Amino acid sequence: MKKTVKQRNRTDMKKVEAANQVRLTIPDLVILSLLAERTMHGYEVNATLEDRKIRDWAPVSRPQVYYSLDKLTKLRLIRVTSEDSPSAGPERRVLATTALGRQHLADALETKTWVNQKVHQPFLIWLALSWQARPRTFRKQLDRRMKVVEARLAEERATLADVLTEVGHPYHEAVWMLQLIIEQLEIELRWVQRILGEANKRSPAQFAKGSNT
């Protein structure tokens, strides 16, 4: 018996609702990945995020961890392997990624959004608006940015040295990530230093768009 248009629409709606329920956020995917490495308590997930400085490159707050653990458990993407007590909260449960969870993680890593999504950088937004700032602010903010970049560069270089010692070879995703971050910081540091040298020459555009001159 053929389905009516109304029945087909209902089936399509259910498929859309199911897809929305399994839509995974960055915190979800990070946690799935950590639990795919090994089983962990909820508090171990938080400790690993801190130890590996994952929050430096992924937006995973402490409250998000427990929200994601609850969500992933309901979706059967992770499972409870044991509990310290029957009434144990998510921080005391031993959790592991399921086969379904690993499948959804692999599927999510195939989407194009990872490679074509733009990120809005606050410093670049400030630079675009800086012509409205007070005269001394431009150089002052560039000086601040230079110190931030220098400090972070030193920190990332130290982290890279630690990671290389721990991993034992340079052909690892953590090493490649840090190398990219370091090279980007080195480029930005040189750029900031150059702009500081040119700051006194700063001037408005000579020809406004739509001008007849």
# chains A, B, ... in the order shown; residues from 1 in each chain; ligands from 1
>>> residues_around(residues="segment 146-155 of chain A", least_positions_apart="5", cutoff="9 Å", atoms="only C-alpha atoms", output="MDAnalysis selection string")
chainID A and resid 141 160 181:182 185:186 188:189 192:193
>>> write_last_selection(atoms="all heavy atoms", output="compact mmCIF listing (two decimals), in the first residue's frame")
# COMPACT_ATOMS: atom_id res chain seq x y z
N GLN A 141 47.48 50.01 21.65
CA GLN A 141 46.89 48.70 21.46
C GLN A 141 47.84 47.77 20.69
O GLN A 141 47.90 46.57 20.96
CB GLN A 141 45.56 48.81 20.72
CG GLN A 141 44.44 49.45 21.52
CD GLN A 141 43.91 48.55 22.61
OE1 GLN A 141 44.66 48.12 23.50
NE2 GLN A 141 42.62 48.26 22.56
N LEU A 160 55.38 22.86 22.68
CA LEU A 160 55.85 22.01 21.59
C LEU A 160 57.01 21.13 22.04
O LEU A 160 57.06 19.93 21.71
CB LEU A 160 56.27 22.87 20.39
CG LEU A 160 56.85 22.11 19.19
CD1 LEU A 160 55.86 21.09 18.65
CD2 LEU A 160 57.27 23.08 18.09
N ILE A 181 50.42 26.96 14.84
CA ILE A 181 50.16 28.07 15.76
C ILE A 181 51.40 28.93 15.92
O ILE A 181 51.34 30.17 15.87
CB ILE A 181 49.69 27.54 17.13
CG1 ILE A 181 48.28 26.92 17.01
CG2 ILE A 181 49.68 28.66 18.18
CD1 ILE A 181 47.85 26.14 18.24
N ILE A 182 52.56 28.28 16.08
CA ILE A 182 53.82 29.01 16.26
C ILE A 182 54.17 29.83 15.02
O ILE A 182 54.54 31.01 15.12
CB ILE A 182 54.96 28.03 16.62
CG1 ILE A 182 54.77 27.51 18.05
CG2 ILE A 182 56.33 28.70 16.46
CD1 ILE A 182 55.67 26.35 18.41
N LEU A 185 51.90 32.83 14.81
CA LEU A 185 52.30 33.84 15.79
C LEU A 185 53.56 34.57 15.37
O LEU A 185 53.68 35.78 15.55
CB LEU A 185 52.49 33.18 17.17
CG LEU A 185 51.22 32.72 17.87
CD1 LEU A 185 51.56 31.85 19.08
CD2 LEU A 185 50.37 33.92 18.32
N GLU A 186 54.51 33.84 14.80
CA GLU A 186 55.75 34.47 14.33
C GLU A 186 55.47 35.48 13.21
O GLU A 186 56.03 36.57 13.19
CB GLU A 186 56.72 33.39 13.84
CG GLU A 186 57.34 32.56 14.96
CD GLU A 186 58.14 31.39 14.45
OE1 GLU A 186 57.95 30.98 13.27
OE2 GLU A 186 58.96 30.85 15.22
N GLU A 188 52.56 37.02 12.74
CA GLU A 188 51.84 38.17 13.31
C GLU A 188 52.78 39.08 14.08
O GLU A 188 52.64 40.31 14.01
CB GLU A 188 50.72 37.70 14.25
CG GLU A 188 49.92 38.88 14.78
CD GLU A 188 48.74 38.50 15.64
OE1 GLU A 188 48.40 37.29 15.71
OE2 GLU A 188 48.14 39.40 16.26
N LEU A 189 53.76 38.51 14.80
CA LEU A 189 54.71 39.33 15.54
C LEU A 189 55.50 40.24 14.60
O LEU A 189 55.65 41.44 14.86
CB LEU A 189 55.66 38.44 16.35
CG LEU A 189 56.68 39.17 17.22
CD1 LEU A 189 56.00 40.08 18.24
CD2 LEU A 189 57.58 38.16 17.93
N VAL A 192 53.10 43.00 13.36
CA VAL A 192 52.83 44.04 14.36
C VAL A 192 54.03 44.97 14.49
O VAL A 192 53.89 46.20 14.57
CB VAL A 192 52.48 43.42 15.73
CG1 VAL A 192 52.38 44.51 16.81
CG2 VAL A 192 51.15 42.68 15.67
N GLN A 193 55.22 44.40 14.51
CA GLN A 193 56.44 45.22 14.61
C GLN A 193 56.57 46.15 13.41
O GLN A 193 56.97 47.32 13.56
CB GLN A 193 57.66 44.30 14.72
CG GLN A 193 57.74 43.55 16.05
CD GLN A 193 58.80 42.47 16.06
OE1 GLN A 193 59.21 41.96 15.01
NE2 GLN A 193 59.25 42.08 17.25
>>> residues_around(residues="segment 101-110 of chain A", least_positions_apart="2", cutoff="10 Å", atoms="only C-alpha atoms", output="list in words")
Val22, Arg23, Leu24, Thr25, Ile26, Asp28, Leu29, Val30, Leu32, Ser33, Leu35, Ala36, Leu72, Thr73, Leu75, Arg76, Leu77, Ile78, Arg79, Ala96, Thr97, Thr98, Ala99, Lys112, Thr113, Trp114 and Val115 of chain A
>>> write_last_selection(atoms="C-alpha atoms", output="PDB file, in the first residue's frame")
ATOM      1  CA  VAL A  22      22.296  13.964  16.526  1.00  0.00           C
ATOM      2  CA  ARG A  23      23.761  17.300  15.462  1.00  0.00           C
ATOM      3  CA  LEU A  24      27.008  17.419  17.364  1.00  0.00           C
ATOM      4  CA  THR A  25      28.710  20.558  18.632  1.00  0.00           C
ATOM      5  CA  ILE A  26      32.459  21.062  18.964  1.00  0.00           C
ATOM      6  CA  ASP A  28      30.450  16.971  21.825  1.00  0.00           C
ATOM      7  CA  LEU A  29      33.054  15.973  19.232  1.00  0.00           C
ATOM      8  CA  VAL A  30      36.028  16.778  21.466  1.00  0.00           C
ATOM      9  CA  LEU A  32      33.708  11.812  21.921  1.00  0.00           C
ATOM     10  CA  SER A  33      37.305  11.846  20.724  1.00  0.00           C
ATOM     11  CA  LEU A  35      36.513   8.879  25.267  1.00  0.00           C
ATOM     12  CA  ALA A  36      37.435   7.039  22.063  1.00  0.00           C
ATOM     13  CA  LEU A  72      25.820  11.888  24.262  1.00  0.00           C
ATOM     14  CA  THR A  73      24.601   9.260  26.726  1.00  0.00           C
ATOM     15  CA  LEU A  75      21.894   9.587  22.081  1.00  0.00           C
ATOM     16  CA  ARG A  76      23.749   6.315  22.850  1.00  0.00           C
ATOM     17  CA  LEU A  77      26.971   7.730  21.448  1.00  0.00           C
ATOM     18  CA  ILE A  78      28.699   7.033  24.766  1.00  0.00           C
ATOM     19  CA  ARG A  79      27.843   4.484  27.438  1.00  0.00           C
ATOM     20  CA  ALA A  96      33.281   5.075  26.857  1.00  0.00           C
ATOM     21  CA  THR A  97      32.467   5.924  23.245  1.00  0.00           C
ATOM     22  CA  THR A  98      30.148   3.406  21.552  1.00  0.00           C
ATOM     23  CA  ALA A  99      30.503   2.103  17.999  1.00  0.00           C
ATOM     24  CA  LYS A 112      33.253  20.748   4.646  1.00  0.00           C
ATOM     25  CA  THR A 113      32.596  23.249   7.452  1.00  0.00           C
ATOM     26  CA  TRP A 114      35.938  22.335   9.061  1.00  0.00           C
ATOM     27  CA  VAL A 115      37.916  23.694   6.112  1.00  0.00           C
TER      28      VAL A 115
END
>>> atom_distance(atom1="atom CA of Lys53 of chain A", atom2="atom CA of Glu166 of chain A")
14.6 Å
>>> closest_residue(among="A:Leu95, A:Arg194, A:Ser61, A:Thr111", to="Glu37 of chain A", atoms="only C-alpha atoms")
A:Leu95
>>> closest_residue(among="A:Ser130, A:Thr165, A:Gln179, A:Gln184", to="Ser203 of chain A", atoms="only C-alpha atoms")
A:Ser130
>>> closest_residue(among="A:Phe138, A:Trp57, A:Leu127, A:Tyr171", to="Glu156 of chain A", atoms="only C-alpha atoms")
A:Trp57
>>> closest_residue(among="A:Val119, A:Val80, A:Pro204, A:Glu183", to="Gln132 of chain A", atoms="only C-alpha atoms")
A:Pro204
>>> closest_residue(among="A:Glu44, A:Pro135, A:Leu142, A:Glu50", to="Ile195 of chain A", atoms="only C-alpha atoms")
A:Leu142
>>> select_by_dssp(residues="chain A", states="helix (DSSP H, G or I)", output="ChimeraX atom specification")
/A:5-21,26-37,42-51,54-56,62-74,99-108,113-116,122-132,137-167,173-201
>>> closest_residue(among="A:Gln117, A:Pro122, A:Arg139, A:Ile187", to="Ala199 of chain A", atoms="only C-alpha atoms")
A:Arg139
>>> residues_around(residues="Asn46 of chain A", least_positions_apart="4", cutoff="10 Å", atoms="only C-alpha atoms", output="list in words")
Ile31, Met40, His41, Gly42, Glu50, Asp51, Ile54, Val60, Ser61, Arg62, Pro63, Val65, Tyr66 and Glu91 of chain A
>>> select_by_dssp(residues="segment 17-148 of chain A", states="strand (DSSP E)", output="number ranges by chain")
A: 40-41, 78-83, 93-97
>>> write_last_selection(atoms="N, CA and C atoms", output="tab-separated table (two decimals), in the first residue's frame")
chain	number	residue	atom	x	y	z
A	40	MET	N	36.91	7.01	30.66
A	40	MET	CA	37.23	8.04	31.66
A	40	MET	C	36.03	8.32	32.54
A	41	HIS	N	36.30	8.79	33.76
A	41	HIS	CA	35.27	9.42	34.58
A	41	HIS	C	35.00	10.81	34.01
A	78	ILE	N	27.78	7.52	23.72
A	78	ILE	CA	28.70	7.03	24.77
A	78	ILE	C	27.87	6.17	25.71
A	79	ARG	N	28.56	5.35	26.50
A	79	ARG	CA	27.84	4.48	27.44
A	79	ARG	C	28.56	4.47	28.78
A	80	VAL	N	27.82	4.16	29.82
A	80	VAL	CA	28.38	4.03	31.15
A	80	VAL	C	28.89	2.61	31.30
A	81	THR	N	30.19	2.45	31.58
A	81	THR	CA	30.74	1.11	31.75
A	81	THR	C	30.71	0.66	33.20
A	82	SER	N	30.78	1.62	34.14
A	82	SER	CA	30.67	1.31	35.56
A	82	SER	C	30.44	2.60	36.32
A	83	GLU	N	30.01	2.48	37.57
A	83	GLU	CA	29.76	3.64	38.43
A	83	GLU	C	30.36	3.38	39.80
A	93	ARG	N	30.96	8.55	36.91
A	93	ARG	CA	30.68	7.41	36.04
A	93	ARG	C	31.85	7.18	35.09
A	94	VAL	N	32.16	5.91	34.84
A	94	VAL	CA	33.19	5.57	33.87
A	94	VAL	C	32.51	5.45	32.51
A	95	LEU	N	32.96	6.27	31.55
A	95	LEU	CA	32.27	6.39	30.27
A	95	LEU	C	33.17	5.97	29.12
A	96	ALA	N	32.54	5.49	28.05
A	96	ALA	CA	33.28	5.08	26.86
A	96	ALA	C	32.46	5.42	25.63
A	97	THR	N	33.14	5.66	24.51
A	97	THR	CA	32.47	5.92	23.24
A	97	THR	C	31.95	4.61	22.68
